[in-house]
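Trainee: Dropping in run-v5.pdb, which is PDB, C-alpha atoms:
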ATOM      1  CA  MET D   1      20.323  -5.026 -23.143
ATOM      2  CA  LEU D   2      21.930  -2.060 -21.432
ATOM      3  CA  SER D   3      21.901  -1.925 -17.679
ATOM      4  CA  SER D   4      22.360   1.149 -15.528
ATOM      5  CA  ASP D   5      22.908   1.711 -11.840
ATOM      6  CA  ASN D   6      19.414   2.671 -10.767
ATOM      7  CA  ARG D   7      20.267   2.887  -7.081
ATOM      8  CA  LYS D   8      20.735   6.660  -7.221
ATOM      9  CA  ASN D   9      17.212   7.441  -6.014
ATOM     10  CA  VAL D  10      15.210   5.056  -3.935
ATOM     11  CA  ALA D  11      11.592   6.112  -4.340
ATOM     12  CA  PRO D  12      10.359   7.200  -0.905
ATOM     13  CA  ILE D  13       7.193   5.809   0.585
ATOM     14  CA  ASP D  14       4.634   8.401   1.584
ATOM     15  CA  PRO D  15       4.738   8.391   5.403
ATOM     16  CA  SER D  16       0.935   8.174   5.502
ATOM     17  CA  ASP D  17       1.011   4.896   3.526
ATOM     18  CA  LEU D  18       0.899   1.630   5.435
ATOM     19  CA  THR D  19       3.417  -1.035   4.477
ATOM     20  CA  ILE D  20       2.492  -4.725   4.624
ATOM     21  CA  GLY D  21       4.534  -4.910   7.841
ATOM     22  CA  ASP D  22       2.552  -2.010   9.359
ATOM     23  CA  LEU D  23      -0.707  -3.669   8.397
ATOM     24  CA  LEU D  24       0.228  -7.055   9.838
ATOM     25  CA  VAL D  25       1.303  -5.432  13.127
ATOM     26  CA  ALA D  26      -2.005  -3.537  13.280
ATOM     27  CA  LEU D  27      -3.948  -6.788  12.739
ATOM     28  CA  ALA D  28      -1.944  -8.949  15.167
ATOM     29  CA  ASP D  29      -4.073  -8.221  18.251
ATOM     30  CA  HIS D  30      -7.377  -8.521  16.390
ATOM     31  CA  LYS D  31      -7.183 -11.932  14.685
ATOM     32  CA  ASP D  32     -10.827 -12.836  15.270
ATOM     33  CA  LYS D  33     -12.289  -9.466  14.326
ATOM     34  CA  PRO D  34     -13.740  -8.926  10.858
ATOM     35  CA  LEU D  35     -11.370  -7.092   8.496
ATOM     36  CA  VAL D  36     -13.174  -4.524   6.378
ATOM     37  CA  PHE D  37     -11.421  -2.575   3.644
ATOM     38  CA  ARG D  38     -13.154   0.703   2.768
ATOM     39  CA  TYR D  39     -12.760   2.465  -0.560
ATOM     40  CA  GLY D  40     -14.809   4.956  -2.501
ATOM     41  CA  GLY D  41     -16.797   5.779   0.633
ATOM     42  CA  ARG D  42     -18.044   2.237   1.222
ATOM     43  CA  PRO D  43     -16.874  -1.077   2.658
ATOM     44  CA  VAL D  44     -15.929  -4.073   0.540
ATOM     45  CA  LYS D  45     -18.636  -6.705   0.427
ATOM     46  CA  PRO D  46     -18.543  -9.436   3.104
ATOM     47  CA  GLY D  47     -17.525 -12.104   0.578
ATOM     48  CA  TYR D  48     -14.439 -10.315  -0.745
ATOM     49  CA  HIS D  49     -11.455 -12.456  -1.712
ATOM     50  CA  VAL D  50      -7.728 -11.842  -1.702
ATOM     51  CA  THR D  51      -7.162 -13.169  -5.202
ATOM     52  CA  GLU D  52      -3.464 -12.439  -5.608
ATOM     53  CA  VAL D  53      -0.455 -11.084  -3.734
ATOM     54  CA  LYS D  54       2.506  -9.976  -5.834
ATOM     55  CA  ALA D  55       5.897  -8.599  -4.899
ATOM     56  CA  GLY D  56       8.023  -6.662  -7.325
ATOM     57  CA  GLN D  57      11.281  -4.804  -7.607
ATOM     58  CA  PHE D  58      11.009  -1.861  -9.938
ATOM     59  CA  ALA D  59      13.582   0.235 -11.743
ATOM     60  CA  ALA D  60      12.560   3.278 -13.743
ATOM     61  CA  LEU D  61      13.521   6.722 -14.965
ATOM     62  CA  ASP D  62      11.514   9.683 -13.728
ATOM     63  CA  CYS D  63      10.533  12.613 -15.935
ATOM     64  CA  GLU D  64      13.953  14.250 -15.495
ATOM     65  CA  ALA D  65      15.742  11.004 -16.438
ATOM     66  CA  ASN D  66      16.715  10.301 -12.820
ATOM     67  CA  PRO D  67      16.950   6.583 -12.080
ATOM     68  CA  GLU D  68      14.511   5.356  -9.426
ATOM     69  CA  SER D  69      14.092   1.997  -7.727
ATOM     70  CA  TRP D  70      11.649   0.578  -5.193
ATOM     71  CA  SER D  71       9.953  -2.535  -3.858
ATOM     72  CA  GLU D  72       6.201  -2.835  -4.014
ATOM     73  CA  ILE D  73       3.659  -5.371  -2.845
ATOM     74  CA  PHE D  74       0.286  -5.605  -4.571
ATOM     75  CA  VAL D  75      -2.696  -7.177  -2.832
ATOM     76  CA  GLN D  76      -5.584  -7.818  -5.196
ATOM     77  CA  LEU D  77      -9.063  -7.665  -3.649
ATOM     78  CA  TRP D  78     -12.067  -9.044  -5.517
ATOM     79  CA  ASP D  79     -15.008  -7.107  -4.117
ATOM     80  CA  VAL D  80     -17.768  -9.699  -4.375
ATOM     81  CA  ASP D  81     -20.411 -11.055  -2.040
ATOM     82  CA  GLU D  82     -19.722 -14.779  -2.416
ATOM     83  CA  GLY D  83     -18.101 -15.774   0.878
ATOM     84  CA  GLY D  84     -20.908 -15.480   3.368
ATOM     85  CA  PRO D  85     -22.560 -12.904   5.571
ATOM     86  CA  VAL D  86     -19.448 -11.736   7.448
ATOM     87  CA  HIS D  87     -16.150 -10.180   6.441
ATOM     88  CA  MET D  88     -12.927 -12.185   6.523
ATOM     89  CA  PRO D  89     -11.284 -12.263   9.974
ATOM     90  CA  ALA D  90      -8.081 -10.245  10.283
ATOM     91  CA  GLY D  91      -6.229 -13.452  11.239
ATOM     92  CA  LYS D  92      -7.240 -15.131   7.968
ATOM     93  CA  PHE D  93      -5.925 -12.172   5.959
ATOM     94  CA  ALA D  94      -2.646 -12.317   7.929
ATOM     95  CA  ALA D  95      -2.450 -16.091   7.304
ATOM     96  CA  ILE D  96      -2.862 -15.513   3.550
ATOM     97  CA  ILE D  97       0.014 -13.018   3.596
ATOM     98  CA  ARG D  98       2.177 -15.435   5.662
ATOM     99  CA  LYS D  99       1.451 -18.260   3.200
ATOM    100  CA  VAL D 100       2.500 -16.018   0.304
ATOM    101  CA  ALA D 101       5.660 -15.076   2.244
ATOM    102  CA  ASP D 102       6.526 -18.802   2.427
ATOM    103  CA  HIS D 103       6.868 -18.797  -1.371
ATOM    104  CA  VAL D 104       7.535 -15.186  -2.378
ATOM    105  CA  ALA D 105       9.979 -12.784  -0.724
ATOM    106  CA  LEU D 106       7.893  -9.982   0.799
ATOM    107  CA  ASP D 107       9.778  -6.883   1.870
ATOM    108  CA  GLN D 108       7.923  -5.815   5.030
ATOM    109  CA  ALA D 109       8.836  -2.160   4.343
ATOM    110  CA  ALA D 110       7.801  -2.171   0.670
ATOM    111  CA  LYS D 111       5.270   0.218  -0.770
ATOM    112  CA  LEU D 112       1.834  -1.438  -0.464
ATOM    113  CA  THR D 113      -0.762  -1.100  -3.208
ATOM    114  CA  PHE D 114      -4.236  -2.618  -3.280
ATOM    115  CA  GLU D 115      -5.792  -3.522  -6.613
ATOM    116  CA  VAL D 116      -9.573  -3.530  -6.153
ATOM    117  CA  SER D 117     -12.310  -4.578  -8.564
ATOM    118  CA  ASP D 118     -15.761  -6.087  -8.411
ATOM    119  CA  GLY D 119     -15.006  -8.165 -11.502
ATOM    120  CA  VAL D 120     -17.038  -5.822 -13.702
ATOM    121  CA  ARG D 121     -15.463  -2.398 -13.314
ATOM    122  CA  PRO D 122     -11.772  -1.893 -14.119
ATOM    123  CA  MET D 123      -9.269  -2.501 -11.360
ATOM    124  CA  GLU D 124      -8.454   0.559  -9.263
ATOM    125  CA  LEU D 125      -5.163   1.183  -7.468
ATOM    126  CA  HIS D 126      -5.340   2.215  -3.825
ATOM    127  CA  ARG D 127      -3.020   2.760  -0.893
ATOM    128  CA  ALA D 128      -3.814   1.862   2.689
ATOM    129  CA  ALA D 129      -3.695   5.106   4.596
ATOM    130  CA  ARG D 130      -4.774   3.951   8.058
ATOM    131  CA  SER D 131      -6.408   1.205  10.043
ATOM    132  CA  SER D 132      -8.720   1.593  13.020
ATOM    133  CA  LEU D 133     -10.889  -0.423  15.334
ATOM    134  CA  VAL D 134     -14.530   0.543  14.822
ATOM    135  CA  GLY D 135     -16.793  -1.332  17.193
ATOM    136  CA  GLY D 136     -15.835  -4.964  16.771
ATOM    137  CA  THR D 137     -14.382  -4.495  13.281
ATOM    138  CA  VAL D 138     -10.913  -3.643  11.992
ATOM    139  CA  GLU D 139     -11.320  -1.112   9.191
ATOM    140  CA  VAL D 140      -8.588  -0.246   6.726
ATOM    141  CA  GLU D 141      -9.163   2.893   4.719
ATOM    142  CA  LEU D 142      -8.036   2.646   1.109
ATOM    143  CA  THR D 143      -7.566   5.829  -0.874
ATOM    144  CA  PRO D 144      -6.804   6.153  -4.581
ATOM    145  CA  ARG D 145      -3.096   5.967  -5.349
ATOM    146  CA  PRO D 146      -2.300   9.269  -7.061
ATOM    147  CA  SER D 147       0.362   9.776  -9.663
ATOM    148  CA  SER D 148       3.162  12.167  -8.836
ATOM    149  CA  CYS D 149       6.217  13.848 -10.265
ATOM    150  CA  LYS D 150       9.174  12.605  -8.225
ATOM    151  CA  PRO D 151      11.520  15.526  -9.087
ATOM    152  CA  ARG D 152       8.801  17.967  -8.037
ATOM    153  CA  ASP D 153       8.149  15.959  -4.843
ATOM    154  CA  ARG D 154      11.878  16.045  -3.981
ATOM    155  CA  TRP D 155      12.003  19.797  -4.685
ATOM    156  CA  LEU D 156       8.988  20.449  -2.433
ATOM    157  CA  LYS D 157      10.592  18.406   0.352
ATOM    158  CA  GLU D 158      13.827  20.389  -0.021
ATOM    159  CA  GLN D 159      11.887  23.672   0.082
ATOM    160  CA  ALA D 160      10.061  22.611   3.229
ATOM    161  CA  ALA D 161      13.346  21.639   4.895
ATOM    162  CA  ALA D 162      14.970  24.925   3.842
ATOM    163  CA  SER D 163      12.118  26.946   5.345
ATOM    164  CA  GLN D 164      12.680  25.422   8.809
ATOM    165  CA  PRO D 165      14.553  27.653  11.240
ATOM    166  CA  CYS D 166      18.185  26.630  11.538
ATOM    167  CA  CYS D 167      18.240  26.734  15.328
ATOM    168  CA  GLY D 168      15.213  24.541  15.979
ATOM    169  CA  ALA D 169      15.217  21.804  18.591
ATOM    170  CA  SER D 170      16.361  19.157  16.101
ATOM    171  CA  ARG D 171      19.116  21.249  14.470
ATOM    172  CA  CYS D 172      22.233  22.824  15.798
ATOM    173  CA  CYS D 173      23.343  26.393  15.093
TER
END
What is this file in structure tokens?
Mentor:
Amino acid sequence: MLSSDNRKNVAPIDPSDLTIGDLLVALADHKDKPLVFRYGGRPVKPGYHVTEVKAGQFAALDCEANPESWSEIFVQLWDVDEGGPVHMPAGKFAAIIRKVADHVALDQAAKLTFEVSDGVRPMELHRAARSSLVGGTVEVELTPRPSSCKPRDRWLKEQAAASQPCCGASRCC
């Protein structure tokens, strides 16, 4: 099998995405509070389960044949009502992730993707965009993970940078 140096482009993480490290820091002070993931305009059911946590290193070619590489962590949520009348405490979720980290290397800065299904509908891919304290509950908003064209994304970023004035506060003349 041929092997290429795919370190040329490290796929950037959208700055609005939470990493697993960001999420664990956000949960640290709220261990006893219920953790509610929201997706599709509604919360997961109180009996949801974390059924799997996977870590992967990916190498790919984008649509312009540019090599890409990135780390990604997948947390699979089974959206069922089988665990009781309350949502899982944030500390229990953090303990699950720590237990996984004892056996699987988890890059705290890796892209974080949630796979969500109720066991009937197909699994949907989501990203965690933010977490907030709502009343006595920690809520994490999940939004669909969109596809993108990495060369186009890089071009747009370059265009935005080029349109900035050259003598701004963060640049020298």
Trainee: Written as a ChimeraX atom specification, which residues does the PyMOL selection byres ((chain D and resi 113) around 12) give for the file shown?
Mentor: /D:13-14,17-20,23,52-56,71-77,110-112,114-116,123-129,142-146
Trainee: Using all atoms listed in the file for the distances, tell me which of D:Val44, D:Leu133, D:Leu35, D:Leu156 is nearest to Asp79 of chain D.
Mentor: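 Nearest candidate to Asp79 of chain D out of D:Val44, D:Leu133, D:Leu35, D:Leu156: D:Val44.
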Trainee: Rounded to one decimal in Å, what is the spacing between atom CA of Gly91 of chain D and atom CA of Ser117 of chain D?
Mentor: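 Distance reported for this atom pair: 22.5 Å.
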Trainee: Report, as lines of an AutoDock Vina configuration file, the centre and edge lengths in Å (one decimal) of the axis-aligned box enclosing every listed atom of segment 50-62 of chain D, padded by 4 Å on each side.
Mentor:
center_x = 2.9
center_y = -1.7
center_z = -8.3
size_x = 29.3
size_y = 30.9
size_z = 21.3
Trainee: Compare D:Ala94, D:Val80, D:Leu106, D:Ala162 by their minimum atom-to-atom distance to Pro46 of chain D, counting only C-alpha atoms, and give me the closest one.
Mentor: D:Val80
Trainee: Which is closer to Pro43 of chain D than all the others in D:Ala101, D:Arg152, D:Asp81, D:Phe93, using all atoms listed in the file?
Mentor: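 Once distances to Pro43 of chain D are computed over all atoms listed in the file, the minimum belongs to D:Asp81.
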Trainee: Between D:Ala59, D:Leu24, D:Ile97, D:Met88, which is the closest to Lys45 of chain D once you count only C-alpha atoms?
Mentor: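 Ranking D:Ala59, D:Leu24, D:Ile97, D:Met88 by distance to Lys45 of chain D, first place goes to D:Met88.
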Trainee: Write a file for segment 43-164 of chain D of the given structure; include C-alpha atoms and format it as a compact mmCIF listing (two decimals), in the first residue's frame.
Mentor:
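The result, written out as result_20.txt:
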# COMPACT_ATOMS: atom_id res chain seq x y z
CA PRO D 43 -33.75 17.65 24.79
CA VAL D 44 -32.58 14.05 24.84
CA LYS D 45 -34.80 11.82 26.94
CA PRO D 46 -33.90 11.44 30.64
CA GLY D 47 -32.78 7.83 30.16
CA TYR D 48 -30.23 8.51 27.42
CA HIS D 49 -27.08 6.40 27.39
CA VAL D 50 -23.54 7.06 26.25
CA THR D 51 -23.20 3.84 24.30
CA GLU D 52 -19.76 4.32 22.78
CA VAL D 53 -16.81 6.71 22.75
CA LYS D 54 -14.37 6.37 19.86
CA ALA D 55 -11.18 8.19 19.02
CA GLY D 56 -9.73 8.24 15.54
CA GLN D 57 -6.90 9.64 13.51
CA PHE D 58 -7.96 10.40 9.98
CA ALA D 59 -6.03 10.99 6.78
CA ALA D 60 -7.80 11.99 3.60
CA LEU D 61 -7.60 13.90 0.34
CA ASP D 62 -9.91 16.86 -0.14
CA CYS D 63 -11.64 17.65 -3.42
CA GLU D 64 -8.52 19.36 -4.80
CA ALA D 65 -6.34 16.36 -3.88
CA ASN D 66 -4.81 18.18 -0.90
CA PRO D 67 -3.86 15.81 1.91
CA GLU D 68 -5.70 16.44 5.19
CA SER D 69 -5.32 14.93 8.64
CA TRP D 70 -7.15 15.34 11.94
CA SER D 71 -8.11 13.71 15.23
CA GLU D 72 -11.74 13.20 16.06
CA ILE D 73 -13.65 11.87 19.04
CA PHE D 74 -17.13 10.42 18.57
CA VAL D 75 -19.55 10.17 21.48
CA GLN D 76 -22.57 8.03 20.67
CA LEU D 77 -25.80 8.96 22.47
CA TRP D 78 -28.74 6.56 22.52
CA ASP D 79 -31.76 8.79 22.99
CA VAL D 80 -34.05 6.50 24.97
CA ASP D 81 -36.11 6.82 28.12
CA GLU D 82 -34.85 3.75 29.99
CA GLY D 83 -32.68 5.17 32.77
CA GLY D 84 -35.16 6.85 35.06
CA PRO D 85 -36.93 10.15 35.48
CA VAL D 86 -33.85 12.40 35.54
CA HIS D 87 -31.01 13.12 33.14
CA MET D 88 -27.52 11.79 33.77
CA PRO D 89 -25.46 14.02 36.10
CA ALA D 90 -22.63 15.93 34.43
CA GLY D 91 -20.16 14.17 36.76
CA LYS D 92 -21.27 10.74 35.52
CA PHE D 93 -20.75 11.79 31.90
CA ALA D 94 -17.27 13.11 32.81
CA ALA D 95 -16.51 9.82 34.63
CA ILE D 96 -17.49 7.84 31.51
CA ILE D 97 -15.10 9.93 29.41
CA ARG D 98 -12.31 9.51 32.02
CA LYS D 99 -12.85 5.73 32.05
CA VAL D 100 -12.58 5.65 28.25
CA ALA D 101 -9.40 7.77 28.49
CA ASP D 102 -7.90 5.07 30.75
CA HIS D 103 -8.05 2.67 27.80
CA VAL D 104 -8.14 4.83 24.67
CA ALA D 105 -5.95 7.85 23.93
CA LEU D 106 -8.27 10.87 23.79
CA ASP D 107 -6.81 14.03 22.29
CA GLN D 108 -8.41 16.77 24.41
CA ALA D 109 -8.22 19.19 21.45
CA ALA D 110 -9.70 16.78 18.88
CA LYS D 111 -12.76 17.57 16.83
CA LEU D 112 -15.80 16.32 18.79
CA THR D 113 -18.74 14.69 17.04
CA PHE D 114 -21.89 13.31 18.64
CA GLU D 115 -23.68 10.41 16.99
CA VAL D 116 -27.31 10.51 18.12
CA SER D 117 -30.12 8.02 17.50
CA ASP D 118 -33.21 6.79 19.26
CA GLY D 119 -32.52 3.26 18.04
CA VAL D 120 -35.18 3.55 15.34
CA ARG D 121 -34.17 6.50 13.20
CA PRO D 122 -30.75 6.56 11.51
CA MET D 123 -27.85 7.98 13.47
CA GLU D 124 -27.31 11.71 13.00
CA LEU D 125 -23.97 13.50 13.30
CA HIS D 126 -23.85 16.62 15.46
CA ARG D 127 -21.31 19.02 16.87
CA ALA D 128 -21.48 20.58 20.31
CA ALA D 129 -21.67 24.30 19.73
CA ARG D 130 -22.09 25.57 23.29
CA SER D 131 -22.97 24.65 26.83
CA SER D 132 -24.91 26.73 29.32
CA LEU D 133 -26.40 26.55 32.77
CA VAL D 134 -30.18 26.79 32.53
CA GLY D 135 -31.78 26.75 35.96
CA GLY D 136 -30.28 23.74 37.68
CA THR D 137 -29.38 21.94 34.45
CA VAL D 138 -26.30 21.95 32.23
CA GLU D 139 -27.48 22.08 28.62
CA VAL D 140 -25.27 21.31 25.66
CA GLU D 141 -26.62 22.40 22.31
CA LEU D 142 -25.94 19.96 19.49
CA THR D 143 -26.27 21.16 15.92
CA PRO D 144 -26.05 19.08 12.76
CA ARG D 145 -22.49 18.63 11.52
CA PRO D 146 -22.49 20.12 8.02
CA SER D 147 -20.30 18.98 5.18
CA SER D 148 -17.87 21.48 3.76
CA CYS D 149 -15.35 22.01 1.01
CA LYS D 150 -11.99 22.51 2.71
CA PRO D 151 -10.30 24.32 -0.23
CA ARG D 152 -13.24 26.72 -0.38
CA ASP D 153 -13.13 27.19 3.42
CA ARG D 154 -9.39 27.99 3.25
CA TRP D 155 -9.99 30.43 0.37
CA LEU D 156 -12.77 32.22 2.30
CA LYS D 157 -10.50 32.51 5.34
CA GLU D 158 -7.72 33.96 3.17
CA GLN D 159 -10.16 36.45 1.62
CA ALA D 160 -11.36 37.55 5.04
CA ALA D 161 -7.78 38.03 6.23
CA ALA D 162 -6.88 39.96 3.06
CA SER D 163 -9.82 42.33 3.54
CA GLN D 164 -8.57 43.41 6.99
